[in-house]
file model.cif (mmCIF, C-alpha atoms)
data_run
loop_
_atom_site.label_atom_id
_atom_site.label_comp_id
_atom_site.auth_asym_id
_atom_site.auth_seq_id
_atom_site.Cartn_x
_atom_site.Cartn_y
_atom_site.Cartn_z
CA MET B 1 -15.57 -19.68 -2.95
CA GLY B 2 -11.77 -19.41 -2.94
CA ASP B 3 -11.96 -16.17 -0.96
CA ASN B 4 -13.31 -18.16 2.01
CA VAL B 5 -9.89 -19.74 2.52
CA THR B 6 -8.55 -18.84 5.96
CA GLY B 7 -5.14 -19.25 7.53
CA ALA B 8 -3.89 -22.09 9.69
CA ASP B 9 -1.12 -21.94 12.27
CA ALA B 10 1.75 -24.41 12.40
CA GLY B 11 0.50 -27.64 13.97
CA GLN B 12 -3.11 -26.73 13.23
CA VAL B 13 -5.38 -29.57 12.18
CA THR B 14 -7.07 -28.51 8.95
CA VAL B 15 -10.01 -29.86 7.01
CA ILE B 16 -10.26 -28.81 3.37
CA ARG B 17 -13.90 -29.25 2.46
CA GLY B 18 -15.26 -30.13 -0.98
CA ALA B 19 -12.26 -29.56 -3.25
CA ASP B 20 -11.94 -31.17 -6.66
CA LEU B 21 -9.00 -33.49 -5.94
CA THR B 22 -6.57 -33.16 -8.83
CA GLY B 23 -9.51 -32.87 -11.19
CA ALA B 24 -10.74 -36.38 -10.30
CA GLY B 25 -13.83 -35.51 -8.26
CA ARG B 26 -14.86 -33.75 -5.07
CA GLY B 27 -13.71 -34.77 -1.64
CA ASP B 28 -12.42 -33.57 1.73
CA LEU B 29 -8.85 -33.63 3.01
CA LEU B 30 -7.76 -33.86 6.65
CA LEU B 31 -4.30 -32.41 7.28
CA ARG B 32 -2.65 -33.35 10.57
CA ASP B 33 0.99 -33.48 11.74
CA GLY B 34 2.26 -32.51 8.31
CA LEU B 35 0.45 -35.31 6.53
CA VAL B 36 -2.75 -35.96 4.65
CA THR B 37 -4.44 -38.34 7.07
CA GLU B 38 -7.93 -38.74 5.60
CA VAL B 39 -9.46 -38.30 2.17
CA GLY B 40 -13.11 -38.50 1.18
CA SER B 41 -15.92 -37.50 3.51
CA VAL B 42 -14.18 -36.17 6.60
CA ARG B 43 -15.67 -35.20 9.96
CA ALA B 44 -13.82 -32.15 11.27
CA PRO B 45 -12.10 -32.81 14.63
CA LYS B 46 -12.81 -30.38 17.45
CA GLY B 47 -10.77 -27.20 17.03
CA ALA B 48 -9.82 -27.92 13.42
CA ALA B 49 -9.59 -25.10 10.90
CA VAL B 50 -12.18 -25.74 8.20
CA VAL B 51 -11.54 -24.42 4.69
CA ASP B 52 -14.47 -24.08 2.30
CA ALA B 53 -12.93 -25.24 -0.99
CA ASP B 54 -16.13 -25.55 -2.97
CA GLY B 55 -15.30 -24.77 -6.60
CA LEU B 56 -11.54 -25.07 -6.04
CA VAL B 57 -9.13 -27.64 -7.43
CA ALA B 58 -6.61 -29.22 -5.04
CA LEU B 59 -3.26 -30.12 -6.59
CA PRO B 60 -0.05 -31.48 -5.10
CA GLY B 61 2.26 -28.58 -4.23
CA LEU B 62 4.09 -27.34 -7.30
CA VAL B 63 7.82 -27.96 -7.78
CA ASP B 64 9.97 -25.55 -9.81
CA LEU B 65 13.09 -27.02 -11.35
CA HIS B 66 14.52 -23.64 -12.28
CA THR B 67 14.46 -20.65 -9.90
CA HIS B 68 16.95 -17.82 -9.49
CA LEU B 69 16.85 -16.56 -5.90
CA ARG B 70 19.94 -14.31 -6.26
CA GLU B 71 21.08 -14.75 -2.65
CA PRO B 72 23.93 -14.60 -1.83
CA GLY B 73 25.31 -11.68 -3.77
CA ARG B 74 22.37 -9.87 -5.35
CA GLU B 75 19.96 -9.28 -2.51
CA ASP B 76 18.90 -6.04 -4.20
CA ALA B 77 17.10 -8.17 -6.82
CA GLU B 78 15.83 -11.04 -4.65
CA THR B 79 16.45 -12.88 -1.41
CA VAL B 80 15.71 -16.45 -0.53
CA ARG B 81 12.89 -15.17 1.71
CA SER B 82 11.30 -12.87 -0.90
CA GLY B 83 11.66 -15.49 -3.61
CA SER B 84 10.14 -18.09 -1.30
CA ALA B 85 7.17 -15.78 -0.68
CA ALA B 86 6.71 -15.38 -4.43
CA ALA B 87 6.91 -19.15 -4.85
CA ALA B 88 4.31 -19.82 -2.15
CA ALA B 89 2.01 -17.25 -3.75
CA GLY B 90 2.35 -19.16 -7.01
CA GLY B 91 1.39 -22.49 -5.43
CA PHE B 92 4.91 -23.89 -5.10
CA THR B 93 6.06 -25.96 -2.15
CA ALA B 94 9.58 -26.62 -3.48
CA VAL B 95 11.99 -24.74 -5.71
CA LEU B 96 15.43 -25.54 -7.03
CA ALA B 97 17.73 -22.56 -6.53
CA MET B 98 20.12 -22.12 -9.44
CA ALA B 99 23.85 -21.89 -8.85
CA ASN B 100 24.70 -18.55 -10.49
CA THR B 101 24.87 -16.65 -7.21
CA SER B 102 27.86 -14.68 -5.89
CA PRO B 103 29.76 -16.62 -4.76
CA VAL B 104 28.71 -19.41 -7.11
CA THR B 105 27.14 -22.50 -5.53
CA ASP B 106 30.06 -24.73 -6.50
CA THR B 107 31.06 -26.11 -3.08
CA ALA B 108 29.37 -28.12 -0.36
CA GLU B 109 29.55 -25.13 1.99
CA ALA B 110 27.84 -22.84 -0.51
CA ALA B 111 25.08 -25.38 -1.13
CA GLU B 112 24.46 -25.83 2.58
CA ARG B 113 24.21 -22.07 3.04
CA VAL B 114 21.41 -21.86 0.45
CA LEU B 115 19.68 -24.82 2.08
CA ASP B 116 19.83 -23.13 5.48
CA LEU B 117 18.52 -19.83 4.12
CA GLY B 118 15.55 -21.69 2.68
CA ARG B 119 14.84 -23.46 5.95
CA ALA B 120 15.01 -20.17 7.83
CA ALA B 121 12.45 -18.65 5.44
CA GLY B 122 10.23 -21.69 5.93
CA LEU B 123 7.78 -20.99 3.10
CA VAL B 124 8.93 -23.57 0.54
CA ASP B 125 11.58 -26.27 0.40
CA VAL B 126 14.60 -24.62 -1.20
CA GLN B 127 16.85 -27.21 -2.81
CA PRO B 128 20.23 -25.93 -4.05
CA VAL B 129 21.39 -26.67 -7.59
CA GLY B 130 25.13 -27.16 -7.79
CA ALA B 131 27.34 -25.67 -10.50
CA VAL B 132 28.78 -28.11 -13.01
CA THR B 133 32.05 -26.20 -13.29
CA LYS B 134 34.02 -24.09 -10.83
CA GLY B 135 32.87 -20.49 -10.97
CA LEU B 136 30.66 -21.37 -13.96
CA ALA B 137 33.83 -20.90 -16.00
CA GLY B 138 33.41 -24.07 -18.07
CA GLU B 139 36.98 -25.19 -17.48
CA GLU B 140 37.09 -27.53 -14.45
CA LEU B 141 34.43 -29.63 -12.73
CA ALA B 142 33.08 -28.27 -9.47
CA GLU B 143 32.90 -30.32 -6.25
CA LEU B 144 30.06 -32.51 -7.55
CA GLY B 145 30.62 -35.41 -5.18
CA LEU B 146 31.10 -33.24 -2.10
CA MET B 147 27.91 -31.31 -2.88
CA ALA B 148 26.04 -34.58 -3.35
CA ARG B 149 27.29 -35.90 0.01
CA SER B 150 26.65 -32.65 1.87
CA ARG B 151 23.62 -31.86 4.05
CA ALA B 152 22.14 -30.25 0.95
CA ALA B 153 22.21 -33.62 -0.87
CA VAL B 154 22.56 -31.89 -4.25
CA ARG B 155 21.33 -34.00 -7.15
CA VAL B 156 20.84 -31.42 -9.92
CA PHE B 157 23.83 -29.59 -11.41
CA SER B 158 23.76 -26.72 -13.87
CA ASP B 159 25.84 -23.82 -15.13
CA ASP B 160 22.58 -22.16 -16.15
CA GLY B 161 23.14 -18.82 -17.79
CA ARG B 162 26.11 -20.45 -19.47
CA CYS B 163 26.37 -23.58 -21.57
CA VAL B 164 28.74 -26.41 -20.69
CA HIS B 165 29.96 -26.19 -24.28
CA ASP B 166 33.07 -28.37 -23.96
CA ALA B 167 31.90 -31.86 -24.98
CA ARG B 168 34.65 -33.63 -23.05
CA LEU B 169 33.80 -31.75 -19.86
CA MET B 170 30.09 -32.45 -20.31
CA ARG B 171 30.86 -36.14 -20.76
CA ARG B 172 32.91 -36.17 -17.55
CA ALA B 173 30.11 -34.44 -15.64
CA LEU B 174 27.56 -36.97 -16.84
CA GLU B 175 29.83 -39.86 -15.88
CA TYR B 176 30.45 -38.36 -12.43
CA VAL B 177 26.82 -37.70 -11.46
CA LYS B 178 25.73 -41.16 -12.59
CA ALA B 179 27.29 -42.65 -9.45
CA PHE B 180 24.69 -40.97 -7.22
CA ASP B 181 21.80 -40.74 -9.71
CA GLY B 182 22.37 -37.06 -10.31
CA VAL B 183 21.35 -35.12 -13.38
CA VAL B 184 23.02 -32.35 -15.39
CA SER B 185 20.63 -29.58 -16.44
CA GLN B 186 22.02 -27.95 -19.57
CA HIS B 187 21.62 -24.37 -20.74
CA ALA B 188 21.76 -25.27 -24.43
CA GLN B 189 23.48 -22.39 -26.22
CA ASP B 190 26.44 -22.99 -28.50
CA PRO B 191 28.54 -19.85 -27.89
CA ARG B 192 29.94 -19.94 -31.42
CA LEU B 193 26.43 -19.79 -32.89
CA ALA B 194 24.88 -17.46 -30.29
CA ASP B 195 27.31 -15.49 -28.19
CA GLY B 196 26.63 -13.41 -25.09
CA GLN B 197 25.32 -10.48 -27.16
CA ALA B 198 22.66 -12.53 -28.99
CA CYS B 199 19.28 -11.41 -27.71
CA CYS B 200 16.60 -11.78 -30.40
CA HIS B 201 15.41 -14.83 -32.33
CA GLU B 202 17.38 -14.77 -35.55
CA GLY B 203 15.16 -13.92 -38.49
CA GLU B 204 13.54 -11.07 -40.33
CA LEU B 205 12.61 -9.29 -37.10
CA SER B 206 16.12 -9.34 -35.61
CA GLY B 207 17.47 -7.86 -38.82
CA ARG B 208 14.80 -5.16 -38.93
CA LEU B 209 15.33 -4.23 -35.27
CA GLY B 210 19.11 -4.35 -35.54
CA LEU B 211 19.41 -6.80 -32.64
CA PRO B 212 22.01 -9.62 -32.53
CA GLY B 213 20.40 -12.86 -33.67
CA TRP B 214 20.02 -16.00 -31.51
CA PRO B 215 19.24 -18.83 -33.98
CA GLY B 216 17.33 -21.91 -32.88
CA VAL B 217 20.12 -24.13 -34.18
CA ALA B 218 22.41 -22.80 -31.42
CA GLU B 219 20.11 -24.59 -28.96
CA GLU B 220 19.34 -27.63 -31.07
CA THR B 221 22.95 -28.65 -31.76
CA ILE B 222 23.77 -28.71 -28.04
CA VAL B 223 20.60 -30.68 -27.25
CA ALA B 224 21.49 -33.21 -29.94
CA ARG B 225 25.07 -33.54 -28.69
CA ASP B 226 24.03 -33.94 -25.08
CA VAL B 227 21.42 -36.64 -25.68
CA MET B 228 24.11 -38.64 -27.50
CA LEU B 229 26.49 -38.12 -24.58
CA ALA B 230 23.72 -39.28 -22.23
CA ARG B 231 23.30 -42.42 -24.32
CA HIS B 232 27.06 -43.02 -24.34
CA THR B 233 27.45 -42.58 -20.58
CA GLY B 234 24.13 -44.12 -19.51
CA SER B 235 23.56 -41.01 -17.42
CA ARG B 236 20.73 -38.47 -17.15
CA VAL B 237 20.61 -35.14 -18.92
CA HIS B 238 17.92 -32.50 -18.49
CA VAL B 239 17.32 -29.80 -21.09
CA ALA B 240 16.56 -26.46 -19.47
CA HIS B 241 14.10 -23.97 -20.99
CA VAL B 242 13.50 -25.70 -24.34
CA SER B 243 12.44 -23.02 -26.80
CA THR B 244 12.34 -24.40 -30.36
CA ALA B 245 10.42 -26.94 -32.39
CA GLY B 246 13.75 -28.45 -33.46
CA SER B 247 14.77 -29.14 -29.86
CA VAL B 248 11.39 -30.78 -29.27
CA GLU B 249 12.02 -33.15 -32.18
CA VAL B 250 15.48 -34.07 -30.85
CA VAL B 251 14.06 -34.80 -27.38
CA ARG B 252 11.19 -36.82 -28.88
CA TRP B 253 13.64 -38.91 -30.92
CA ALA B 254 15.93 -39.43 -27.92
CA LYS B 255 13.09 -40.65 -25.73
CA ALA B 256 12.01 -43.08 -28.45
CA GLN B 257 15.55 -44.50 -28.33
CA GLY B 258 15.34 -45.01 -24.57
CA ILE B 259 17.88 -42.30 -23.77
CA SER B 260 17.60 -40.79 -20.28
CA VAL B 261 16.63 -37.24 -21.25
CA THR B 262 14.07 -34.94 -19.71
CA ALA B 263 13.11 -31.41 -20.68
CA GLU B 264 11.36 -28.35 -19.30
CA VAL B 265 9.53 -25.42 -20.86
CA THR B 266 8.95 -22.01 -19.29
CA PRO B 267 5.58 -20.27 -19.01
CA HIS B 268 6.86 -17.39 -21.14
CA HIS B 269 7.89 -19.69 -23.98
CA LEU B 270 4.39 -21.21 -23.86
CA MET B 271 2.64 -17.87 -24.35
CA LEU B 272 4.86 -15.01 -25.52
CA THR B 273 6.37 -14.58 -29.00
CA THR B 274 9.26 -12.66 -30.48
CA ASP B 275 6.84 -10.08 -31.93
CA LEU B 276 6.80 -8.45 -28.47
CA LEU B 277 10.31 -7.17 -29.08
CA THR B 278 9.20 -4.61 -31.68
CA ASP B 279 8.91 -1.92 -28.97
CA TYR B 280 12.36 -2.76 -27.52
CA ASP B 281 10.81 -3.32 -24.07
CA PRO B 282 13.65 -4.85 -22.01
CA VAL B 283 11.24 -6.82 -19.82
CA PHE B 284 10.92 -9.21 -22.77
CA LYS B 285 14.66 -9.80 -23.07
CA VAL B 286 15.22 -13.38 -21.96
CA ASN B 287 17.65 -16.22 -22.67
CA PRO B 288 16.80 -18.24 -24.71
CA PRO B 289 14.84 -15.53 -26.51
CA LEU B 290 11.15 -15.49 -27.22
CA ARG B 291 10.48 -17.45 -30.41
CA PRO B 292 7.92 -17.28 -33.27
CA GLN B 293 4.40 -18.66 -32.95
CA GLU B 294 5.28 -21.92 -34.69
CA ASP B 295 7.78 -22.71 -31.94
CA VAL B 296 5.24 -21.78 -29.25
CA ASP B 297 2.71 -24.13 -30.85
CA ALA B 298 5.27 -26.95 -30.96
CA LEU B 299 6.13 -26.43 -27.28
CA ARG B 300 2.48 -26.54 -26.25
CA ALA B 301 1.95 -29.76 -28.19
CA ALA B 302 5.10 -31.30 -26.69
CA LEU B 303 4.02 -30.45 -23.16
CA ALA B 304 0.57 -31.86 -23.82
CA ASP B 305 1.91 -35.18 -25.16
CA GLY B 306 4.64 -35.54 -22.52
CA THR B 307 7.65 -35.05 -24.78
CA VAL B 308 8.44 -32.05 -22.60
CA ASP B 309 8.25 -33.33 -19.04
CA ALA B 310 7.85 -30.21 -16.93
CA VAL B 311 6.99 -26.55 -16.69
CA ALA B 312 9.80 -24.61 -14.97
CA THR B 313 9.66 -20.89 -14.40
CA ASP B 314 13.27 -19.71 -14.92
CA HIS B 315 12.23 -17.00 -12.45
CA ALA B 316 14.94 -14.35 -13.01
CA PRO B 317 14.45 -11.22 -10.89
CA HIS B 318 16.51 -8.12 -11.70
CA ALA B 319 16.89 -4.78 -9.96
CA ARG B 320 15.68 -1.79 -11.96
CA HIS B 321 19.21 -0.51 -12.54
CA ASP B 322 20.06 -3.78 -14.35
CA LYS B 323 16.88 -4.16 -16.38
CA GLU B 324 15.82 -0.65 -17.33
CA HIS B 325 18.31 -0.02 -20.13
CA ALA B 326 18.31 -0.03 -23.90
CA PHE B 327 17.30 -3.52 -24.99
CA ALA B 328 20.76 -4.71 -26.05
CA GLU B 329 22.31 -3.63 -22.73
CA ALA B 330 19.57 -4.82 -20.38
CA ALA B 331 19.94 -7.96 -18.27
CA PHE B 332 18.37 -11.20 -19.50
CA GLY B 333 15.39 -12.62 -17.63
CA MET B 334 11.88 -12.14 -16.28
CA LEU B 335 9.80 -13.06 -13.25
CA GLY B 336 7.83 -16.30 -13.36
CA LEU B 337 6.90 -17.84 -10.01
CA GLU B 338 3.66 -16.06 -9.14
CA GLN B 339 1.90 -16.38 -12.51
CA ALA B 340 3.25 -19.73 -13.76
CA LEU B 341 0.17 -21.76 -12.87
CA SER B 342 -2.18 -19.11 -14.26
CA VAL B 343 -0.28 -19.06 -17.57
CA VAL B 344 -0.53 -22.85 -17.85
CA ALA B 345 -4.22 -22.70 -16.98
CA THR B 346 -4.78 -20.03 -19.62
CA VAL B 347 -2.86 -21.56 -22.54
CA MET B 348 -3.10 -25.29 -21.77
CA VAL B 349 -6.11 -26.08 -19.55
CA GLN B 350 -8.65 -23.59 -20.84
CA PRO B 351 -8.21 -24.64 -24.52
CA GLY B 352 -8.44 -28.32 -23.54
CA LEU B 353 -4.81 -29.26 -24.23
CA MET B 354 -4.29 -30.46 -20.64
CA THR B 355 -6.40 -31.55 -17.69
CA TRP B 356 -5.70 -30.58 -14.09
CA ALA B 357 -4.25 -34.07 -13.59
CA ASP B 358 -1.86 -33.33 -16.46
CA VAL B 359 -0.91 -30.04 -14.78
CA ALA B 360 -0.16 -31.90 -11.55
CA ALA B 361 2.13 -34.25 -13.48
CA ALA B 362 3.97 -31.46 -15.33
CA MET B 363 4.28 -29.00 -12.45
CA SER B 364 4.62 -31.31 -9.44
CA THR B 365 5.05 -35.06 -9.90
CA ARG B 366 7.58 -35.17 -12.73
CA PRO B 367 9.67 -32.19 -11.56
CA ALA B 368 9.97 -33.77 -8.11
CA ARG B 369 11.02 -37.06 -9.66
CA ILE B 370 13.61 -35.41 -11.92
CA ALA B 371 15.08 -33.56 -8.92
CA GLY B 372 14.95 -36.55 -6.57
CA LEU B 373 12.70 -34.78 -4.05
CA THR B 374 11.00 -37.76 -2.42
CA GLY B 375 8.78 -35.65 -0.13
CA GLN B 376 7.35 -33.54 -2.94
CA GLY B 377 5.11 -34.25 -5.91
CA ARG B 378 3.21 -36.90 -3.98
CA PRO B 379 -0.47 -37.77 -4.53
CA LEU B 380 -3.16 -36.37 -2.25
CA GLU B 381 -3.60 -39.64 -0.38
CA PRO B 382 -3.52 -40.74 3.28
CA GLY B 383 0.00 -40.93 4.67
CA GLU B 384 1.49 -38.54 2.11
CA PRO B 385 3.04 -35.15 2.97
CA ALA B 386 0.43 -32.40 3.11
CA ASN B 387 2.01 -30.30 0.37
CA LEU B 388 -0.78 -28.87 -1.77
CA VAL B 389 -2.23 -25.87 -3.54
CA LEU B 390 -5.84 -24.78 -3.92
CA VAL B 391 -6.68 -23.18 -7.26
CA ASP B 392 -9.79 -21.37 -8.43
CA PRO B 393 -9.96 -22.55 -12.06
CA ALA B 394 -12.63 -20.03 -13.07
CA ALA B 395 -11.14 -16.89 -11.53
CA THR B 396 -9.55 -14.32 -13.81
CA ALA B 397 -7.34 -11.45 -12.81
CA THR B 398 -5.28 -8.74 -14.48
CA VAL B 399 -1.66 -8.92 -13.38
CA ASP B 400 -0.21 -5.86 -11.67
CA ARG B 401 3.56 -5.99 -11.20
CA ALA B 402 3.24 -3.76 -8.13
CA ASP B 403 1.52 -6.64 -6.30
CA SER B 404 4.50 -9.00 -6.63
CA ARG B 405 6.08 -10.61 -3.56
CA SER B 406 9.38 -10.53 -5.44
CA LEU B 407 11.71 -7.62 -4.79
CA SER B 408 11.94 -7.07 -8.56
CA ARG B 409 9.37 -5.81 -11.03
CA ASN B 410 10.47 -7.24 -14.39
CA ASN B 411 7.13 -8.99 -14.80
CA PRO B 412 6.21 -9.90 -18.40
CA TRP B 413 2.58 -10.57 -17.42
CA HIS B 414 1.87 -7.02 -16.24
CA GLY B 415 -1.47 -5.84 -17.64
CA ARG B 416 -2.49 -9.29 -18.94
CA GLU B 417 -5.64 -11.06 -17.85
CA LEU B 418 -4.94 -14.65 -16.83
CA THR B 419 -7.27 -17.46 -15.77
CA GLY B 420 -6.81 -19.75 -12.78
CA GLN B 421 -5.84 -18.16 -9.49
CA VAL B 422 -3.98 -19.67 -6.53
CA ARG B 423 -6.08 -19.34 -3.37
CA ALA B 424 -3.95 -21.15 -0.78
CA THR B 425 -0.71 -23.10 -0.47
CA TYR B 426 0.22 -25.59 2.25
CA LEU B 427 3.68 -26.88 3.11
CA ARG B 428 3.44 -30.00 5.27
CA GLY B 429 0.04 -28.88 6.48
CA THR B 430 1.00 -25.31 7.35
CA GLN B 431 -0.56 -22.61 5.22
CA THR B 432 2.19 -20.55 3.60
CA HIS B 433 -0.05 -18.44 1.38
CA GLU B 434 -3.66 -17.41 1.21
CA HIS B 435 -5.31 -15.20 -1.36
CA GLY B 436 -4.38 -11.63 -0.56
CA GLN B 437 -1.38 -12.32 1.68
CA THR B 438 1.59 -14.59 2.35
CA GLN B 439 2.02 -16.24 5.74
CA GLN B 440 5.08 -15.74 7.95
CA GLY B 441 7.51 -18.60 7.51
CA GLU B 442 9.39 -20.43 10.20
CA SER B 443 12.16 -22.97 10.25
CA ALA B 444 11.22 -26.26 8.64
#

call {"tool": "encode", "arguments": {"input": "model.cif", "output": "structure tokens"}}
result
Amino acid sequence: MGDNVTGADAGQVTVIRGADLTGAGRGDLLLRDGLVTEVGSVRAPKGAAVVDADGLVALPGLVDLHTHLREPGREDAETVRSGSAAAAAGGFTAVLAMANTSPVTDTAEAAERVLDLGRAAGLVDVQPVGAVTKGLAGEELAELGLMARSRAAVRVFSDDGRCVHDARLMRRALEYVKAFDGVVSQHAQDPRLADGQACCHEGELSGRLGLPGWPGVAEETIVARDVMLARHTGSRVHVAHVSTAGSVEVVRWAKAQGISVTAEVTPHHLMLTTDLLTDYDPVFKVNPPLRPQEDVDALRAALADGTVDAVATDHAPHARHDKEHAFAEAAFGMLGLEQALSVVATVMVQPGLMTWADVAAAMSTRPARIAGLTGQGRPLEPGEPANLVLVDPAATATVDRADSRSLSRNNPWHGRELTGQVRATYLRGTQTHEHGQTQQGESA
């Protein structure tokens, strides 16, 4: 079924035949001039590429709120092009590139450079995230307004990897971005409760392994502070990579009060637990750390009921010389783009916690809305941009890190069997990925 998907050149008219449209029933899609132009029972125009999508689910192209593309500065770990290829293979049509590059994306010029690199790759829309503070130093606000007014039209700001721990500075950032409907995405980690050495969920296991503890309260106190600052300023705050049941409860309370807070969860925090650290495998070193099963269960429930708005990968590629160390010295982070949808299918769709329509909301519609990407996360309807992914919901595959489009190999899913495989991805009607290969990009 999905293996019958064939490529389409730029400008090619494409008919997708017999897909389950966002889990709502079978139908055809006609893609022409970058748009979905017909839905239902479609007669293929002469010369059109026809895709047999029987048994596949068609979803709006996925949007990742949290991607590390490493360029500029660490092209040994990832480039915008290689990260874009990984994103397309995972069903994404847009990614937000985090600001912790070298140099940091804290100026309009730096943001425009990332935007241009993404357009040159042409496989996904790459939207720069601007730093909240200059150099991620947490001392002085970056050029928020200039980045917002630049060609990159930055709307999401984050010091991800570091917490904006100064409450006064966080308040000023929230007040500033409110003027252009921006949002501050917070890496919630109180440095006095979990410093840069903290790398294992604080508890019996961290003590037994002799690893510095990272208590959940170090996240929860920052989340609680920031939702109150959001209420005070009337601005928007987004909680990156929520990892604890306590943070979920804070976000749930804040939403009930009408506070403008949104939150994301990563695929790895939806599946993996802190027990994996017993072998000191550095691939499982991530920030925030993997948590116990009770936190994983709370995160799944929160995603299912909408308390957590989005799934975001926190795709964090690392070169081997940074990751392959003793656990305490290894770099934080793991790959996420290529298997994100399969993880969600495995832990959320297969057990009946979410439908495919719910997946579209959590991985496309809501992320696009949070980021202000008006051309992404749109329904598969006539007149809408032809950004979509075809998924085989029944296919299973064992992950092999050697098959990754990323330049890095720190893949936590290596050797695991996952359900739900991406068969093809389309960006404005041009196929950017098909099962078995990634298409060559071109300027958007």

call {"tool": "resolve_selection", "arguments": {"input": "model.cif", "expression": "the PyMOL selection byres ((chain B and resi 53) around 7)", "output": "PDB file with C-alpha atoms, in the coordinates of the input"}}
result
ATOM      1  CA  MET B   1     -15.570 -19.680  -2.950  1.00  0.00           C
ATOM      2  CA  GLY B   2     -11.770 -19.410  -2.940  1.00  0.00           C
ATOM      3  CA  ILE B  16     -10.260 -28.810   3.370  1.00  0.00           C
ATOM      4  CA  ARG B  17     -13.900 -29.250   2.460  1.00  0.00           C
ATOM      5  CA  GLY B  18     -15.260 -30.130  -0.980  1.00  0.00           C
ATOM      6  CA  ALA B  19     -12.260 -29.560  -3.250  1.00  0.00           C
ATOM      7  CA  VAL B  51     -11.540 -24.420   4.690  1.00  0.00           C
ATOM      8  CA  ASP B  52     -14.470 -24.080   2.300  1.00  0.00           C
ATOM      9  CA  ASP B  54     -16.130 -25.550  -2.970  1.00  0.00           C
ATOM     10  CA  GLY B  55     -15.300 -24.770  -6.600  1.00  0.00           C
ATOM     11  CA  LEU B  56     -11.540 -25.070  -6.040  1.00  0.00           C
TER      12      LEU B  56
END

call {"tool": "resolve_selection", "arguments": {"input": "model.cif", "expression": "the PyMOL selection byres ((chain B and resi 325-333) around 7)", "output": "list in words"}}
result
Tyr280, Asp281, Pro282, Lys285, Val286, Asn287, Ala316, Pro317, Asp322, Lys323, Glu324 and Met334 of chain B

call {"tool": "resolve_selection", "arguments": {"input": "model.cif", "expression": "the PyMOL selection byres ((chain B and resi 156-167) around 7)", "output": "PyMOL selection string"}}
result
chain B and resi 99+129-133+136+138+154-155+168-171+182-190+371

call {"tool": "closest_atom_pairs", "arguments": {"input": "model.cif", "of": "region 117-208 of chain B", "to": "region 255-276 of chain B", "cutoff": "9 Å", "atoms": "only C-alpha atoms", "output": "Markdown table"}}
result
| residue | atom | partner | partner_atom | distance |
| --- | --- | --- | --- | --- |
| B:Ser185 | CA | B:Ala263 | CA | 8.8 |
| B:Cys200 | CA | B:Thr274 | CA | 7.4 |
| B:His201 | CA | B:Thr274 | CA | 6.8 |
| B:Leu205 | CA | B:Asp275 | CA | 7.8 |

call {"tool": "residues_around", "arguments": {"input": "model.cif", "residues": "Glu71 (chain B)", "least_positions_apart": "5", "cutoff": "12 Å", "atoms": "only C-alpha atoms", "output": "VMD selection string"}}
result
chain B and resid 76 to 84 97 to 105 110 to 111 113 to 118 126 128 317 407

call {"tool": "residues_around", "arguments": {"input": "model.cif", "residues": "region 86-89 of chain B", "least_positions_apart": "6", "cutoff": "8 Å", "atoms": "all atoms listed in the file", "output": "number ranges by chain"}}
result
B: 95, 123-124, 337-338, 404-406, 422, 424-425, 432-435, 438

call {"tool": "closest_residue", "arguments": {"input": "model.cif", "among": "B:Val242, B:Ala312, B:Ala360, B:Ala345", "to": "Thr396 (chain B)", "atoms": "only C-alpha atoms"}}
result
B:Ala345

call {"tool": "atom_distance", "arguments": {"input": "model.cif", "atom1": "CA of Ala340 (chain B)", "atom2": "CA of Asp297 (chain B)"}}
result
17.7 Å

call {"tool": "atom_distance", "arguments": {"input": "model.cif", "atom1": "CA of His232 (chain B)", "atom2": "CA of Pro215 (chain B)"}}
result
27.2 Å

call {"tool": "closest_residue", "arguments": {"input": "model.cif", "among": "B:Val250, B:Leu427, B:Val391, B:Leu229", "to": "Trp356 (chain B)", "atoms": "only C-alpha atoms"}}
result
B:Val391
